[in-house]
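Visitor: Got a structure for you, written out below as structure tokens; questions coming shortly.
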Amino acid sequence: MSPFLFWLFAFVMLVFGAAVVINRNPIASALSLVICFMGLSALFISLDAFFIGIIQVLVYAGAVMVLFLFIIMLLDLRMEQLRKLNIVAVAGGLAVAMAFFIQIYFVIGQLSAAKQPFPPLAAVKTDDVHNVGLLLFTNYTLPFQVIGVLVLVATIGVIVLSKRELR
Amino acid sequence: MVTLGHYLIVSGMLFTIGFAGVLLRRNIIIIFMSLELMLNAANLSLVAFSRFRLTPDGLPNYNAQVFVFFIITVAAAEVAVGLAIIVALYRARQTTHVEDINSLKF
């Protein structure tokens, strides 16, 4: 993994992640989120996790973001009208978030493994899909089936919630 | 030289952005997008650890990647249900602003 590409994609991901929060227009936020997830999937691929990187693009940038844009269109959300900004609440929220990040920074600073570079892989090509699939259908069979039931329940729940008259 | 710490710091920054979004924004859809950012920050650190702790035969630790796969699946289901709830809420109240939804507020 070349350091230049790491910094480039990390920068793109963080800038567009911040744009999600800063933009006042929901559609601009959703499109920034797509680019943020693209940068994240590039970081996954730089960590030799090709399968996860592809899944990230397919599921998030493909399916989830289309759902978000569709809902924004359905609700016909315009630019947020400018409300009076509560300065105390904004300053408090920023202070809590910064304190949280400083804590993470010091915890990672104390981790001795954090200063070591990544060890080289045995082979240049890893058989990603094969290995993840093997684990899914051997060690993690029960969680895999539970996830299947969860997705089914979510599908039925969405249909019930979207019916016109809720009882 | 990119070390494990760099990936963890970037993951922490992404999590902090999502956290700040949940605290600062009042539009329920943006809050929902910030939740997605936080889930993905956790995924990034899991994948970084998976690449860092190699198995004895020199492969990444695929247990973490299976875990990330599960997180992505649960997040997709969560987005579908959450957006359906937002649509139902919008039908009932005609707003996506969390300060207008204060019936339970003391």
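We label chains A, B, ... in the order they appear in the structure tokens, count residues from 1 in each chain, and number ligands from 1 in the order shown.
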Can you pull out every residue within 12 Å of Leu152 of chain A, counting only C-alpha atoms, but drop anything in the same chain fewer than 3 positions away, and send it as a PyMOL selection string?

Guide: (chain A and resi 145-149+155-159) or (chain B and resi 73-74+77+80-81)

Visitor: Mind checking which residues fall within 12 Å of Phe106 of chain A, counting only C-alpha atoms, ignoring those fewer than 5 positions away in the same chain, and posting them as a PyMOL selection string?

Guide: (chain A and resi 99-101+111-112+114) or (chain B and resi 5+8-9+12)

Visitor: Run DSSP on the backbone of this structure and report the residues of segment 8-167 of chain A it assigns to helix (DSSP H, G or I), as a CSV table (one decimal) with N, CA and C atoms, in the first residue's frame.

Guide:
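To be explicit, this is the file written out as out.csv:
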chain,number,residue,atom,x,y,z
A,8,LEU,N,-4.2,10.2,0.3
A,8,LEU,CA,-5.2,10.7,-0.7
A,8,LEU,C,-6.6,10.2,-0.3
A,9,PHE,N,-6.8,8.9,-0.2
A,9,PHE,CA,-8.1,8.4,0.1
A,9,PHE,C,-8.6,8.7,1.5
A,10,ALA,N,-7.7,8.7,2.5
A,10,ALA,CA,-8.2,9.1,3.8
A,10,ALA,C,-8.6,10.6,3.8
A,11,PHE,N,-7.9,11.4,3.1
A,11,PHE,CA,-8.3,12.8,3.0
A,11,PHE,C,-9.7,13.0,2.3
A,12,VAL,N,-9.9,12.3,1.2
A,12,VAL,CA,-11.1,12.4,0.5
A,12,VAL,C,-12.3,11.9,1.4
A,13,MET,N,-12.0,10.8,2.1
A,13,MET,CA,-13.1,10.2,2.9
A,13,MET,C,-13.4,11.2,4.1
A,14,LEU,N,-12.4,11.8,4.7
A,14,LEU,CA,-12.7,12.6,5.9
A,14,LEU,C,-13.4,14.0,5.4
A,15,VAL,N,-12.9,14.5,4.3
A,15,VAL,CA,-13.5,15.8,3.8
A,15,VAL,C,-14.9,15.6,3.4
A,16,PHE,N,-15.2,14.5,2.7
A,16,PHE,CA,-16.6,14.3,2.3
A,16,PHE,C,-17.5,13.8,3.5
A,17,GLY,N,-16.9,13.2,4.4
A,17,GLY,CA,-17.6,12.8,5.7
A,17,GLY,C,-18.0,14.1,6.4
A,18,ALA,N,-17.1,15.0,6.5
A,18,ALA,CA,-17.4,16.3,7.1
A,18,ALA,C,-18.5,17.1,6.3
A,19,ALA,N,-18.4,16.9,5.0
A,19,ALA,CA,-19.4,17.6,4.1
A,19,ALA,C,-20.8,17.1,4.4
A,20,VAL,N,-20.9,15.8,4.8
A,20,VAL,CA,-22.2,15.2,5.1
A,20,VAL,C,-22.9,16.0,6.2
A,21,VAL,N,-22.0,16.3,7.2
A,21,VAL,CA,-22.6,16.9,8.4
A,21,VAL,C,-22.8,18.4,8.2
A,22,ILE,N,-21.9,19.1,7.4
A,22,ILE,CA,-22.0,20.5,7.2
A,22,ILE,C,-23.0,21.0,6.2
A,26,PRO,N,-30.1,18.2,2.1
A,26,PRO,CA,-30.0,16.7,2.3
A,26,PRO,C,-29.5,16.0,1.1
A,27,ILE,N,-29.8,16.4,-0.1
A,27,ILE,CA,-29.3,15.7,-1.3
A,27,ILE,C,-27.8,15.8,-1.4
A,28,ALA,N,-27.3,17.1,-1.1
A,28,ALA,CA,-25.8,17.2,-1.2
A,28,ALA,C,-25.2,16.4,-0.1
A,29,SER,N,-25.8,16.2,1.0
A,29,SER,CA,-25.3,15.4,2.1
A,29,SER,C,-25.2,13.9,1.6
A,30,ALA,N,-26.3,13.4,1.0
A,30,ALA,CA,-26.4,12.0,0.5
A,30,ALA,C,-25.3,11.8,-0.5
A,31,LEU,N,-25.1,12.7,-1.5
A,31,LEU,CA,-24.1,12.5,-2.5
A,31,LEU,C,-22.7,12.6,-1.9
A,32,SER,N,-22.5,13.4,-0.9
A,32,SER,CA,-21.2,13.4,-0.2
A,32,SER,C,-20.9,12.1,0.5
A,33,LEU,N,-22.0,11.5,1.0
A,33,LEU,CA,-21.8,10.2,1.7
A,33,LEU,C,-21.4,9.1,0.7
A,34,VAL,N,-21.9,9.2,-0.5
A,34,VAL,CA,-21.5,8.2,-1.6
A,34,VAL,C,-20.0,8.3,-1.8
A,35,ILE,N,-19.5,9.6,-1.9
A,35,ILE,CA,-18.0,9.7,-2.2
A,35,ILE,C,-17.2,9.3,-1.0
A,36,CYS,N,-17.7,9.6,0.2
A,36,CYS,CA,-17.1,9.2,1.4
A,36,CYS,C,-16.9,7.6,1.5
A,37,PHE,N,-18.0,6.9,1.1
A,37,PHE,CA,-17.9,5.5,1.1
A,37,PHE,C,-17.0,4.9,0.0
A,38,MET,N,-16.9,5.7,-1.1
A,38,MET,CA,-16.0,5.3,-2.2
A,38,MET,C,-14.5,5.3,-1.6
A,39,GLY,N,-14.2,6.4,-0.9
A,39,GLY,CA,-12.9,6.5,-0.3
A,39,GLY,C,-12.6,5.4,0.7
A,40,LEU,N,-13.7,5.1,1.5
A,40,LEU,CA,-13.5,4.1,2.5
A,40,LEU,C,-13.3,2.7,1.8
A,41,SER,N,-14.0,2.4,0.7
A,41,SER,CA,-13.8,1.1,0.1
A,41,SER,C,-12.4,1.1,-0.5
A,42,ALA,N,-11.8,2.2,-1.0
A,42,ALA,CA,-10.4,2.2,-1.4
A,42,ALA,C,-9.5,1.9,-0.3
A,43,LEU,N,-9.8,2.4,0.9
A,43,LEU,CA,-9.0,2.1,2.1
A,43,LEU,C,-9.0,0.6,2.4
A,44,PHE,N,-10.2,0.0,2.3
A,44,PHE,CA,-10.4,-1.4,2.5
A,44,PHE,C,-9.5,-2.2,1.5
A,45,ILE,N,-9.5,-1.8,0.2
A,45,ILE,CA,-8.7,-2.5,-0.8
A,45,ILE,C,-7.3,-2.3,-0.5
A,46,SER,N,-6.8,-1.1,0.0
A,46,SER,CA,-5.4,-0.9,0.4
A,46,SER,C,-5.0,-1.9,1.5
A,50,PHE,N,-10.3,-7.2,-0.5
A,50,PHE,CA,-10.9,-6.9,-1.7
A,50,PHE,C,-12.4,-7.2,-1.6
A,51,PHE,N,-12.8,-8.3,-1.0
A,51,PHE,CA,-14.2,-8.7,-0.9
A,51,PHE,C,-15.0,-7.6,-0.2
A,52,ILE,N,-14.5,-7.2,1.0
A,52,ILE,CA,-15.2,-6.2,1.8
A,52,ILE,C,-15.3,-4.8,1.0
A,53,GLY,N,-14.2,-4.5,0.3
A,53,GLY,CA,-14.2,-3.3,-0.5
A,53,GLY,C,-15.3,-3.3,-1.6
A,54,ILE,N,-15.4,-4.4,-2.3
A,54,ILE,CA,-16.5,-4.5,-3.3
A,54,ILE,C,-17.9,-4.5,-2.7
A,55,ILE,N,-18.0,-5.2,-1.6
A,55,ILE,CA,-19.3,-5.2,-0.9
A,55,ILE,C,-19.7,-3.8,-0.4
A,56,GLN,N,-18.7,-3.1,0.0
A,56,GLN,CA,-19.0,-1.7,0.5
A,56,GLN,C,-19.5,-0.9,-0.7
A,57,VAL,N,-18.9,-1.0,-1.9
A,57,VAL,CA,-19.4,-0.2,-3.0
A,57,VAL,C,-20.8,-0.7,-3.4
A,58,LEU,N,-21.0,-2.0,-3.5
A,58,LEU,CA,-22.3,-2.5,-3.9
A,58,LEU,C,-23.4,-2.2,-3.0
A,59,VAL,N,-23.2,-2.5,-1.7
A,59,VAL,CA,-24.3,-2.3,-0.7
A,59,VAL,C,-24.5,-0.9,-0.3
A,60,TYR,N,-23.4,-0.2,0.0
A,60,TYR,CA,-23.6,1.2,0.5
A,60,TYR,C,-23.8,2.2,-0.6
A,61,ALA,N,-22.8,2.3,-1.5
A,61,ALA,CA,-22.9,3.3,-2.6
A,61,ALA,C,-24.0,2.9,-3.5
A,62,GLY,N,-24.3,1.6,-3.7
A,62,GLY,CA,-25.3,1.2,-4.6
A,62,GLY,C,-26.7,1.2,-4.0
A,63,ALA,N,-26.9,0.3,-3.0
A,63,ALA,CA,-28.3,0.1,-2.5
A,63,ALA,C,-28.7,1.1,-1.5
A,64,VAL,N,-27.9,1.3,-0.4
A,64,VAL,CA,-28.4,2.1,0.7
A,64,VAL,C,-28.5,3.6,0.3
A,65,MET,N,-27.6,4.1,-0.5
A,65,MET,CA,-27.7,5.5,-0.9
A,65,MET,C,-28.8,5.8,-1.8
A,66,VAL,N,-29.1,4.8,-2.7
A,66,VAL,CA,-30.3,5.0,-3.6
A,66,VAL,C,-31.5,5.1,-2.7
A,67,LEU,N,-31.6,4.2,-1.7
A,67,LEU,CA,-32.7,4.3,-0.8
A,67,LEU,C,-32.8,5.6,-0.1
A,68,PHE,N,-31.7,6.2,0.4
A,68,PHE,CA,-31.7,7.5,1.0
A,68,PHE,C,-32.2,8.5,0.0
A,69,LEU,N,-31.6,8.6,-1.2
A,69,LEU,CA,-32.1,9.6,-2.2
A,69,LEU,C,-33.5,9.4,-2.5
A,70,PHE,N,-34.0,8.2,-2.6
A,70,PHE,CA,-35.4,7.9,-2.9
A,70,PHE,C,-36.3,8.5,-1.8
A,71,ILE,N,-35.9,8.3,-0.5
A,71,ILE,CA,-36.7,8.8,0.6
A,71,ILE,C,-36.7,10.3,0.6
A,72,ILE,N,-35.5,10.9,0.3
A,72,ILE,CA,-35.5,12.4,0.3
A,72,ILE,C,-36.4,12.9,-0.8
A,73,MET,N,-36.4,12.2,-1.9
A,73,MET,CA,-37.2,12.7,-3.0
A,73,MET,C,-38.7,12.5,-2.7
A,74,LEU,N,-39.0,11.4,-2.0
A,74,LEU,CA,-40.4,11.1,-1.6
A,74,LEU,C,-40.9,12.1,-0.6
A,75,LEU,N,-40.1,12.5,0.3
A,75,LEU,CA,-40.6,13.4,1.3
A,75,LEU,C,-40.5,14.9,0.8
A,87,ILE,N,-26.3,28.6,20.0
A,87,ILE,CA,-24.8,28.6,20.0
A,87,ILE,C,-24.3,27.7,21.2
A,88,VAL,N,-25.0,27.7,22.3
A,88,VAL,CA,-24.6,26.9,23.4
A,88,VAL,C,-24.6,25.4,23.1
A,89,ALA,N,-25.7,25.0,22.4
A,89,ALA,CA,-25.8,23.6,22.1
A,89,ALA,C,-24.7,23.2,21.1
A,90,VAL,N,-24.5,24.0,20.1
A,90,VAL,CA,-23.5,23.7,19.1
A,90,VAL,C,-22.1,23.6,19.7
A,91,ALA,N,-21.8,24.6,20.6
A,91,ALA,CA,-20.5,24.6,21.2
A,91,ALA,C,-20.3,23.4,22.1
A,92,GLY,N,-21.4,23.1,22.8
A,92,GLY,CA,-21.4,21.9,23.7
A,92,GLY,C,-21.1,20.6,22.9
A,93,GLY,N,-21.9,20.5,21.8
A,93,GLY,CA,-21.7,19.3,21.0
A,93,GLY,C,-20.3,19.1,20.4
A,94,LEU,N,-19.8,20.3,19.9
A,94,LEU,CA,-18.4,20.2,19.4
A,94,LEU,C,-17.4,19.9,20.5
A,95,ALA,N,-17.6,20.4,21.7
A,95,ALA,CA,-16.7,20.1,22.8
A,95,ALA,C,-16.7,18.7,23.1
A,96,VAL,N,-17.9,18.1,23.2
A,96,VAL,CA,-18.0,16.6,23.5
A,96,VAL,C,-17.3,15.8,22.5
A,97,ALA,N,-17.6,16.1,21.2
A,97,ALA,CA,-17.0,15.4,20.1
A,97,ALA,C,-15.5,15.5,20.1
A,98,MET,N,-14.9,16.7,20.4
A,98,MET,CA,-13.5,16.9,20.4
A,98,MET,C,-12.9,16.1,21.6
A,99,ALA,N,-13.5,16.2,22.8
A,99,ALA,CA,-13.0,15.4,23.9
A,99,ALA,C,-13.0,13.9,23.6
A,100,PHE,N,-14.0,13.5,22.9
A,100,PHE,CA,-14.0,12.1,22.5
A,100,PHE,C,-12.9,11.7,21.6
A,101,PHE,N,-12.6,12.6,20.6
A,101,PHE,CA,-11.5,12.3,19.7
A,101,PHE,C,-10.1,12.3,20.4
A,102,ILE,N,-10.0,13.3,21.4
A,102,ILE,CA,-8.7,13.4,22.1
A,102,ILE,C,-8.5,12.1,22.9
A,103,GLN,N,-9.6,11.6,23.5
A,103,GLN,CA,-9.5,10.3,24.2
A,103,GLN,C,-9.0,9.2,23.3
A,104,ILE,N,-9.6,9.1,22.1
A,104,ILE,CA,-9.2,8.0,21.2
A,104,ILE,C,-7.8,8.2,20.8
A,105,TYR,N,-7.3,9.4,20.6
A,105,TYR,CA,-6.0,9.7,20.2
A,105,TYR,C,-5.0,9.2,21.2
A,106,PHE,N,-5.3,9.5,22.5
A,106,PHE,CA,-4.3,9.1,23.6
A,106,PHE,C,-4.3,7.6,23.7
A,107,VAL,N,-5.5,7.0,23.6
A,107,VAL,CA,-5.6,5.5,23.8
A,107,VAL,C,-4.7,4.8,22.7
A,108,ILE,N,-4.9,5.3,21.4
A,108,ILE,CA,-4.1,4.8,20.3
A,108,ILE,C,-2.6,5.1,20.5
A,109,GLY,N,-2.3,6.3,21.1
A,109,GLY,CA,-0.9,6.6,21.3
A,109,GLY,C,-0.2,5.7,22.3
A,110,GLN,N,-1.0,5.1,23.2
A,110,GLN,CA,-0.4,4.2,24.2
A,110,GLN,C,-0.3,2.8,23.7
A,112,SER,N,1.2,-0.1,21.8
A,112,SER,CA,2.5,-0.2,21.2
A,112,SER,C,2.4,-0.8,19.8
A,113,ALA,N,1.3,-1.6,19.5
A,113,ALA,CA,1.2,-2.2,18.2
A,113,ALA,C,0.9,-1.1,17.2
A,114,ALA,N,0.4,0.0,17.6
A,114,ALA,CA,0.0,1.0,16.6
A,114,ALA,C,1.2,1.6,15.9
A,115,LYS,N,2.4,1.5,16.4
A,115,LYS,CA,3.5,2.1,15.8
A,115,LYS,C,4.2,1.1,14.8
A,128,ASP,N,-9.7,-14.1,-1.3
A,128,ASP,CA,-10.6,-13.5,-0.3
A,128,ASP,C,-12.0,-14.1,-0.2
A,129,VAL,N,-12.7,-14.1,-1.3
A,129,VAL,CA,-14.1,-14.6,-1.3
A,129,VAL,C,-14.1,-16.0,-0.8
A,130,HIS,N,-13.2,-16.9,-1.3
A,130,HIS,CA,-13.1,-18.3,-0.9
A,130,HIS,C,-13.0,-18.4,0.6
A,131,ASN,N,-12.0,-17.6,1.2
A,131,ASN,CA,-11.8,-17.8,2.6
A,131,ASN,C,-12.9,-17.3,3.5
A,132,VAL,N,-13.5,-16.1,3.1
A,132,VAL,CA,-14.6,-15.6,3.8
A,132,VAL,C,-15.8,-16.5,3.7
A,133,GLY,N,-16.1,-17.0,2.5
A,133,GLY,CA,-17.2,-17.9,2.4
A,133,GLY,C,-17.0,-19.2,3.1
A,134,LEU,N,-15.8,-19.7,3.2
A,134,LEU,CA,-15.5,-20.9,3.9
A,134,LEU,C,-15.8,-20.7,5.4
A,135,LEU,N,-15.4,-19.6,6.0
A,135,LEU,CA,-15.6,-19.3,7.4
A,135,LEU,C,-17.1,-19.1,7.6
A,136,LEU,N,-17.8,-18.5,6.7
A,136,LEU,CA,-19.3,-18.2,6.8
A,136,LEU,C,-20.0,-19.5,6.9
A,137,PHE,N,-19.6,-20.5,6.1
A,137,PHE,CA,-20.4,-21.8,6.1
A,137,PHE,C,-19.8,-22.8,7.0
A,141,THR,N,-22.0,-20.7,10.8
A,141,THR,CA,-23.3,-21.1,10.1
A,141,THR,C,-24.5,-20.5,10.8
A,142,LEU,N,-24.5,-20.7,12.1
A,142,LEU,CA,-25.7,-20.2,12.9
A,142,LEU,C,-25.9,-18.7,12.8
A,143,PRO,N,-24.8,-17.9,13.1
A,143,PRO,CA,-25.0,-16.4,12.9
A,143,PRO,C,-25.5,-16.1,11.5
A,144,PHE,N,-25.0,-16.8,10.5
A,144,PHE,CA,-25.4,-16.5,9.1
A,144,PHE,C,-26.9,-16.8,8.9
A,145,GLN,N,-27.4,-17.9,9.5
A,145,GLN,CA,-28.8,-18.1,9.3
A,145,GLN,C,-29.7,-17.1,10.1
A,146,VAL,N,-29.1,-16.7,11.3
A,146,VAL,CA,-29.8,-15.7,12.1
A,146,VAL,C,-29.9,-14.4,11.3
A,147,ILE,N,-28.8,-14.1,10.6
A,147,ILE,CA,-28.9,-12.9,9.8
A,147,ILE,C,-30.0,-13.0,8.7
A,148,GLY,N,-30.1,-14.2,8.1
A,148,GLY,CA,-31.1,-14.4,7.1
A,148,GLY,C,-32.5,-14.1,7.7
A,149,VAL,N,-32.8,-14.6,8.9
A,149,VAL,CA,-34.1,-14.4,9.6
A,149,VAL,C,-34.2,-12.9,9.8
A,150,LEU,N,-33.1,-12.2,10.3
A,150,LEU,CA,-33.2,-10.8,10.5
A,150,LEU,C,-33.6,-10.0,9.3
A,151,VAL,N,-33.0,-10.3,8.2
A,151,VAL,CA,-33.3,-9.6,6.9
A,151,VAL,C,-34.8,-9.9,6.5
A,152,LEU,N,-35.3,-11.1,6.8
A,152,LEU,CA,-36.7,-11.4,6.5
A,152,LEU,C,-37.6,-10.6,7.3
A,153,VAL,N,-37.3,-10.5,8.7
A,153,VAL,CA,-38.1,-9.7,9.6
A,153,VAL,C,-38.1,-8.3,9.2
A,154,ALA,N,-36.9,-7.8,8.8
A,154,ALA,CA,-36.8,-6.3,8.4
A,154,ALA,C,-37.7,-6.1,7.2
A,155,THR,N,-37.7,-7.0,6.2
A,155,THR,CA,-38.5,-6.8,5.0
A,155,THR,C,-40.0,-6.8,5.4
A,156,ILE,N,-40.4,-7.7,6.2
A,156,ILE,CA,-41.8,-7.7,6.6
A,156,ILE,C,-42.2,-6.5,7.4
A,157,GLY,N,-41.2,-6.0,8.3
A,157,GLY,CA,-41.5,-4.8,9.1
A,157,GLY,C,-41.6,-3.6,8.2
A,158,VAL,N,-40.8,-3.5,7.2
A,158,VAL,CA,-40.9,-2.3,6.3
A,158,VAL,C,-42.2,-2.3,5.6
A,159,ILE,N,-42.7,-3.5,5.1
A,159,ILE,CA,-44.0,-3.6,4.4
A,159,ILE,C,-45.1,-3.1,5.4
A,160,VAL,N,-45.0,-3.6,6.6
A,160,VAL,CA,-46.1,-3.3,7.6
A,160,VAL,C,-46.1,-1.8,7.9
A,161,LEU,N,-44.8,-1.2,8.0
A,161,LEU,CA,-44.7,0.2,8.4
A,161,LEU,C,-45.2,1.1,7.2
A,162,SER,N,-45.0,0.6,6.0
A,162,SER,CA,-45.3,1.5,4.8
A,162,SER,C,-46.8,1.4,4.4

Visitor: If you count only C-alpha atoms, which residues fall within 8 Å of Thr3 of chain B, apart from same-chain ones fewer than 3 positions away, as a list in words?

Guide: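 Neighbouring residues, sequence-local ones excluded: Ala114, Lys115, Gln116, Pro117 and Phe118 of chain A; His6 and Tyr7 of chain B.
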
Visitor: What gap, in Å, lies between atom CA of Ser34 of chain B and atom CA of Phe70 of chain B?

Guide: 19.4 Å

Visitor: Given the choices B:Ala75, B:Thr95, B:Ser45, B:Phe52, which gets closest to chain A if the distance is worked out from only C-alpha atoms?

Guide: B:Phe52

Visitor: With a distance cut-off of 8 Å and only C-alpha atoms, select the neighbouring residues of Ile29 of chain B, excluding the residue or stretch itself and same-chain residues fewer than 2 positions from it, and output the selection as a PyMOL selection string.

Guide: (chain A and resi 26) or (chain B and resi 27+31-33+86+96)

Visitor: Go ahead and save the picked residues with C-alpha atoms, as an mmCIF file, in the first residue's frame.

Guide:
data_model
loop_
_atom_site.group_PDB
_atom_site.id
_atom_site.type_symbol
_atom_site.label_atom_id
_atom_site.label_comp_id
_atom_site.auth_asym_id
_atom_site.auth_seq_id
_atom_site.Cartn_x
_atom_site.Cartn_y
_atom_site.Cartn_z
ATOM 1 C CA PRO A 26 -30.036 16.719 2.309
ATOM 2 C CA ASN B 27 -32.611 16.862 10.510
ATOM 3 C CA ILE B 31 -28.676 12.046 11.842
ATOM 4 C CA PHE B 32 -29.343 8.699 10.191
ATOM 5 C CA MET B 33 -26.494 9.244 7.678
ATOM 6 C CA ILE B 86 -39.083 8.162 9.027
ATOM 7 C CA THR B 96 -38.215 15.689 9.740
#

Visitor: Calculated over only C-alpha atoms, which of the candidates A:Leu47, A:Arg24, A:Asp76, A:Lys84 has the smallest distance to chain B?

Guide: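 Going through A:Leu47, A:Arg24, A:Asp76, A:Lys84 one by one, the smallest distance to chain B is for A:Leu47.
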
Visitor: Taking only C-alpha atoms into account, what are the residues of chain B at most 7 Å from chain A, put as a ChimeraX atom specification?

Guide: /B:1-5,9-10,12-14,16-17,19-21,23-24,30,47-48,51-52,57-59,62,66,76-77,80-81,84-85,88

Visitor: Let me see the file: selected residues, N, CA and C atoms, as an mmCIF file, in the first residue's frame.

Guide:
data_model
loop_
_atom_site.group_PDB
_atom_site.id
_atom_site.type_symbol
_atom_site.label_atom_id
_atom_site.label_comp_id
_atom_site.auth_asym_id
_atom_site.auth_seq_id
_atom_site.Cartn_x
_atom_site.Cartn_y
_atom_site.Cartn_z
ATOM 1 N N MET B 1 5.824 5.550 5.606
ATOM 2 C CA MET B 1 5.409 4.231 6.113
ATOM 3 C C MET B 1 4.057 4.356 6.813
ATOM 4 N N VAL B 2 3.084 3.618 6.326
ATOM 5 C CA VAL B 2 1.751 3.654 6.942
ATOM 6 C C VAL B 2 1.666 2.545 7.977
ATOM 7 N N THR B 3 1.364 2.914 9.206
ATOM 8 C CA THR B 3 1.289 1.916 10.276
ATOM 9 C C THR B 3 -0.170 1.677 10.653
ATOM 10 N N LEU B 4 -0.343 0.720 11.563
ATOM 11 C CA LEU B 4 -1.698 0.422 12.056
ATOM 12 C C LEU B 4 -2.319 1.655 12.694
ATOM 13 N N GLY B 5 -1.479 2.433 13.425
ATOM 14 C CA GLY B 5 -1.982 3.616 14.119
ATOM 15 C C GLY B 5 -2.630 4.615 13.184
ATOM 16 N N ILE B 9 -6.322 6.044 13.648
ATOM 17 C CA ILE B 9 -6.623 7.474 13.840
ATOM 18 C C ILE B 9 -7.654 7.936 12.807
ATOM 19 N N VAL B 10 -7.473 7.506 11.539
ATOM 20 C CA VAL B 10 -8.443 7.897 10.506
ATOM 21 C C VAL B 10 -9.822 7.357 10.855
ATOM 22 N N GLY B 12 -10.908 6.734 13.876
ATOM 23 C CA GLY B 12 -11.412 7.536 14.995
ATOM 24 C C GLY B 12 -11.941 8.887 14.536
ATOM 25 N N MET B 13 -11.242 9.494 13.519
ATOM 26 C CA MET B 13 -11.728 10.777 12.988
ATOM 27 C C MET B 13 -13.089 10.604 12.330
ATOM 28 N N LEU B 14 -13.264 9.529 11.552
ATOM 29 C CA LEU B 14 -14.550 9.308 10.883
ATOM 30 C C LEU B 14 -15.641 9.089 11.915
ATOM 31 N N THR B 16 -15.656 10.292 14.947
ATOM 32 C CA THR B 16 -15.936 11.569 15.603
ATOM 33 C C THR B 16 -16.817 12.453 14.730
ATOM 34 N N ILE B 17 -16.589 12.420 13.385
ATOM 35 C CA ILE B 17 -17.441 13.213 12.489
ATOM 36 C C ILE B 17 -18.889 12.743 12.590
ATOM 37 N N PHE B 19 -20.259 11.163 15.106
ATOM 38 C CA PHE B 19 -20.737 11.484 16.453
ATOM 39 C C PHE B 19 -21.154 12.952 16.526
ATOM 40 N N ALA B 20 -20.312 13.838 15.973
ATOM 41 C CA ALA B 20 -20.637 15.267 15.967
ATOM 42 C C ALA B 20 -21.901 15.516 15.161
ATOM 43 N N GLY B 21 -22.073 14.764 14.048
ATOM 44 C CA GLY B 21 -23.277 14.931 13.243
ATOM 45 C C GLY B 21 -24.527 14.583 14.021
ATOM 46 N N LEU B 23 -24.857 14.751 17.235
ATOM 47 C CA LEU B 23 -25.082 15.736 18.298
ATOM 48 C C LEU B 23 -25.547 17.077 17.745
ATOM 49 N N LEU B 24 -25.018 17.489 16.575
ATOM 50 C CA LEU B 24 -25.229 18.866 16.133
ATOM 51 C C LEU B 24 -26.434 19.027 15.214
ATOM 52 N N ILE B 30 -30.248 13.398 8.220
ATOM 53 C CA ILE B 30 -28.803 13.612 8.362
ATOM 54 C C ILE B 30 -28.286 12.857 9.585
ATOM 55 N N VAL B 47 -11.134 -4.027 9.854
ATOM 56 C CA VAL B 47 -10.369 -4.530 8.712
ATOM 57 C C VAL B 47 -8.875 -4.260 8.920
ATOM 58 N N ALA B 48 -8.527 -3.105 9.525
ATOM 59 C CA ALA B 48 -7.112 -2.818 9.772
ATOM 60 C C ALA B 48 -6.517 -3.851 10.725
ATOM 61 N N ARG B 51 -5.897 -7.147 8.923
ATOM 62 C CA ARG B 51 -4.680 -7.163 8.102
ATOM 63 C C ARG B 51 -3.428 -7.200 8.979
ATOM 64 N N PHE B 52 -3.528 -6.667 10.200
ATOM 65 C CA PHE B 52 -2.356 -6.561 11.067
ATOM 66 C C PHE B 52 -2.028 -7.892 11.732
ATOM 67 N N ASP B 57 -0.148 -18.971 8.591
ATOM 68 C CA ASP B 57 0.227 -19.192 7.189
ATOM 69 C C ASP B 57 0.181 -17.902 6.362
ATOM 70 N N GLY B 58 0.265 -16.748 7.029
ATOM 71 C CA GLY B 58 0.473 -15.496 6.303
ATOM 72 C C GLY B 58 -0.734 -14.931 5.605
ATOM 73 N N LEU B 59 -1.946 -15.280 6.068
ATOM 74 C CA LEU B 59 -3.166 -14.711 5.489
ATOM 75 C C LEU B 59 -3.759 -13.725 6.482
ATOM 76 N N TYR B 62 -9.397 -13.735 8.761
ATOM 77 C CA TYR B 62 -10.682 -13.553 8.090
ATOM 78 C C TYR B 62 -11.862 -13.500 9.044
ATOM 79 N N VAL B 66 -15.421 -11.524 8.315
ATOM 80 C CA VAL B 66 -16.774 -12.079 8.430
ATOM 81 C C VAL B 66 -17.619 -11.182 9.333
ATOM 82 N N ALA B 76 -27.625 -2.584 6.588
ATOM 83 C CA ALA B 76 -28.551 -2.440 5.461
ATOM 84 C C ALA B 76 -29.985 -2.661 5.920
ATOM 85 N N ALA B 77 -30.205 -3.691 6.761
ATOM 86 C CA ALA B 77 -31.552 -3.939 7.284
ATOM 87 C C ALA B 77 -32.022 -2.761 8.134
ATOM 88 N N ALA B 80 -33.194 0.164 6.017
ATOM 89 C CA ALA B 80 -34.524 -0.043 5.430
ATOM 90 C C ALA B 80 -35.602 0.232 6.469
ATOM 91 N N VAL B 81 -35.455 -0.350 7.679
ATOM 92 C CA VAL B 81 -36.483 -0.161 8.709
ATOM 93 C C VAL B 81 -36.521 1.291 9.168
ATOM 94 N N ALA B 84 -38.241 3.523 6.695
ATOM 95 C CA ALA B 84 -39.692 3.299 6.713
ATOM 96 C C ALA B 84 -40.319 4.012 7.905
ATOM 97 N N ILE B 85 -39.635 3.986 9.063
ATOM 98 C CA ILE B 85 -40.157 4.690 10.242
ATOM 99 C C ILE B 85 -40.176 6.192 9.977
ATOM 100 N N ALA B 88 -43.139 6.994 7.866
ATOM 101 C CA ALA B 88 -44.383 6.938 8.658
ATOM 102 C C ALA B 88 -44.489 8.162 9.553
#

Visitor: Could you check how far atom CA of Asn43 of chain B sits from atom CA of Gly18 of chain B, in Å to one decimal?

Guide: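 Result for atom CA of Asn43 of chain B versus atom CA of Gly18 of chain B: 13.5 Å, one decimal.
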
Visitor: Got a sec: who's within 7 Å of Arg26 of chain B, counting only C-alpha atoms, leaving out chain neighbours fewer than 3 positions off, as a VMD selection string?

Guide: chain B and resid 97 to 99
